[in-house]
Structure formats: structure tokens, C-alpha cells
Amino acid sequence: GEVLLTLLATFAQLESESISENVKWGIRKRMRDGVPHGRPRVFGYRWGEDGLDVCDEEAATVGRIFDEFLGGKGVCAIASGLNADGVPSRDGREWSKTQVGYILSNRAYAGDLHLQKFFIADPLSGTKRRNAGELPQYIVEDDHEPIVERAAFERAQEELARRRALGWRG
């Protein structure tokens, strides 16, 4: 009886892994075709029928973040200013330097989608990991209306890189 249970458990495990691989294949094929998996939340946008639509109130905050950063402010100072002015974040919590930094580095604000930044490393535990080159990543350019002009976004990326090279932390 114990051997039979072990055999059945092994078959169930193999079937689960097979289904997981099939699902992953389908998700990756859609990403390769430029179709995102799910609807990730992006501050400044809401999902509509045709993709991401600009949310004007939040877009003004995104524009402010880029303007202040390109004007010389650091992410800590920007977060403090947003909190002092009572500007709401999406989840209603106070702004942090991490949130501001994420906005500054997110290609979505220039109108692009960056797909497969994360992946499920272990299907049984559901462990999610940042994709550091283990799998291909896909950029879908001009996917939706940008909040920030591409030139301003590129300048922000250059400034982020410059500050990181100087050992800047906020």
C-alpha cells in the first residue's frame, strides 16, 4: 500500500510540473507577442479595455516627480515634499524614496511596457524572483500614452546612473 501511494504521489507531482510548464510556455509566448500577463498596477494609469489609460490626477504627480528630479532634487526630498503637500499615493500611505525611485525608473511612464521582469522560480512554493537574465525580457515600445516625454525619461535615467556612480543613495 505504501509503495502504491508513493507511486501515485510521484505521478501527481509529474503531472503538476507538466501543467506548470505548459502554462509558463503560454504566458511567455504571449509576452513575446507583447501581451502582458495580468494587469500590474502602475501609478498614474488605470487598465481600460485597450490597455493602460492615463489617470489625470496621478499623472500630475508623476510629472511633478520627474520635474523635481530633473531640477536637481533627490528622491528623499521629493517624497518628503509630496508628503508635506498631502499628495496621496495609490495605497494611501506616505510616499517613500523607494516609491519615487521606482516611478523614476519605470519605462511605463515613457509609454513602454517591460515584460517578464519577474518570474515564478518554484511552481510548488510559488516563489517569485526578479529576472536577472535567467529568462528573456521583452520591451513593448509605444504601447500606451506616455505621461512623461521620452527625452525627459531618458534624461532621468542618465541622471539616476550618474548619481549611482557617485554613490548617491537618496
# chains A, B, ... in the order shown; residues from 1 in each chain; ligands from 1
call {"tool": "residues_around", "arguments": {"residues": "A:Gly101", "least_positions_apart": "6", "cutoff": "12 Å", "atoms": "only C-alpha atoms", "output": "list in words"}}
result
Val62, Ile65, Phe66, Phe69, Lys73, Gly74, Val75, Cys76, Ala77, Ile78, Ala79, Trp95, Ala156, Gln157, Glu159, Leu160, Ala161, Arg164, Arg169 and Gly170 of chain A
call {"tool": "write_last_selection", "arguments": {"atoms": "N, CA and C atoms", "output": "mmCIF file, in the first residue's frame"}}
result
data_model
loop_
_atom_site.group_PDB
_atom_site.id
_atom_site.type_symbol
_atom_site.label_atom_id
_atom_site.label_comp_id
_atom_site.auth_asym_id
_atom_site.auth_seq_id
_atom_site.Cartn_x
_atom_site.Cartn_y
_atom_site.Cartn_z
ATOM 1 N N VAL A 62 3.109 62.182 -11.120
ATOM 2 C CA VAL A 62 4.242 61.582 -11.830
ATOM 3 C C VAL A 62 5.050 62.677 -12.528
ATOM 4 N N ILE A 65 7.118 64.532 -10.028
ATOM 5 C CA ILE A 65 8.282 63.751 -9.589
ATOM 6 C C ILE A 65 9.416 63.879 -10.605
ATOM 7 N N PHE A 66 9.117 63.718 -11.883
ATOM 8 C CA PHE A 66 10.156 63.831 -12.909
ATOM 9 C C PHE A 66 10.706 65.261 -12.978
ATOM 10 N N PHE A 69 12.947 65.898 -9.953
ATOM 11 C CA PHE A 69 14.187 65.129 -10.027
ATOM 12 C C PHE A 69 15.140 65.742 -11.046
ATOM 13 N N LYS A 73 16.465 67.779 -7.377
ATOM 14 C CA LYS A 73 16.086 67.207 -6.078
ATOM 15 C C LYS A 73 16.379 65.714 -6.032
ATOM 16 N N GLY A 74 16.613 65.213 -4.823
ATOM 17 C CA GLY A 74 16.799 63.788 -4.613
ATOM 18 C C GLY A 74 15.471 63.114 -4.316
ATOM 19 N N VAL A 75 15.470 61.792 -4.347
ATOM 20 C CA VAL A 75 14.225 61.059 -4.138
ATOM 21 C C VAL A 75 13.672 61.254 -2.730
ATOM 22 N N CYS A 76 14.546 61.375 -1.722
ATOM 23 C CA CYS A 76 14.069 61.612 -0.344
ATOM 24 C C CYS A 76 13.376 62.964 -0.242
ATOM 25 N N ALA A 77 13.974 63.975 -0.859
ATOM 26 C CA ALA A 77 13.393 65.321 -0.819
ATOM 27 C C ALA A 77 12.059 65.347 -1.566
ATOM 28 N N ILE A 78 11.977 64.634 -2.667
ATOM 29 C CA ILE A 78 10.722 64.588 -3.431
ATOM 30 C C ILE A 78 9.640 63.899 -2.611
ATOM 31 N N ALA A 79 9.973 62.758 -2.007
ATOM 32 C CA ALA A 79 9.000 62.036 -1.177
ATOM 33 C C ALA A 79 8.534 62.907 -0.018
ATOM 34 N N TRP A 95 4.520 58.667 0.989
ATOM 35 C CA TRP A 95 5.487 58.411 -0.061
ATOM 36 C C TRP A 95 6.823 58.041 0.556
ATOM 37 N N ALA A 156 16.268 61.399 -17.164
ATOM 38 C CA ALA A 156 16.145 60.911 -15.787
ATOM 39 C C ALA A 156 16.961 59.639 -15.593
ATOM 40 N N GLN A 157 16.976 58.747 -16.591
ATOM 41 C CA GLN A 157 17.769 57.520 -16.476
ATOM 42 C C GLN A 157 19.259 57.838 -16.418
ATOM 43 N N GLU A 159 20.557 60.645 -15.333
ATOM 44 C CA GLU A 159 20.821 61.279 -14.034
ATOM 45 C C GLU A 159 20.843 60.248 -12.912
ATOM 46 N N LEU A 160 19.947 59.265 -12.973
ATOM 47 C CA LEU A 160 19.968 58.182 -11.979
ATOM 48 C C LEU A 160 21.299 57.439 -12.035
ATOM 49 N N ALA A 161 21.759 57.121 -13.247
ATOM 50 C CA ALA A 161 23.030 56.401 -13.409
ATOM 51 C C ALA A 161 24.193 57.257 -12.906
ATOM 52 N N ARG A 164 24.109 57.265 -9.106
ATOM 53 C CA ARG A 164 24.525 55.968 -8.567
ATOM 54 C C ARG A 164 26.047 55.810 -8.635
ATOM 55 N N ARG A 169 22.619 57.835 -2.554
ATOM 56 C CA ARG A 169 21.608 56.915 -2.003
ATOM 57 C C ARG A 169 20.255 57.584 -1.780
ATOM 58 N N GLY A 170 20.054 58.822 -2.140
ATOM 59 C CA GLY A 170 18.741 59.385 -1.913
ATOM 60 C C GLY A 170 18.777 60.854 -1.868
#
call {"tool": "atom_distance", "arguments": {"atom1": "atom CA of A:Tyr45", "atom2": "atom CA of A:Gly81"}}
result
21.9 Å
call {"tool": "closest_atom_pairs", "arguments": {"of": "stretch 109-146 of chain A", "to": "stretch 29-37 of chain A", "cutoff": "8 Å", "atoms": "only C-alpha atoms", "output": "CSV"}}
result
residue,atom,partner,partner_atom,distance
A:Leu115,CA,A:Met31,CA,6.3
A:Gln116,CA,A:Met31,CA,7.3
A:Tyr138,CA,A:Arg32,CA,6.4
A:Ile139,CA,A:Gly34,CA,7.8
A:Val140,CA,A:Gly34,CA,5.8
call {"tool": "select_by_dssp", "arguments": {"residues": "stretch 40-162 of chain A", "states": "strand (DSSP E or B)", "output": "PyMOL selection string"}}
result
chain A and resi 45-48+51-54+113-115+118-122+127-130+138-140
call {"tool": "closest_residue", "arguments": {"among": "A:Leu52, A:Ala60, A:Val87, A:Leu124", "to": "A:Asp143", "atoms": "only C-alpha atoms"}}
result
A:Leu52
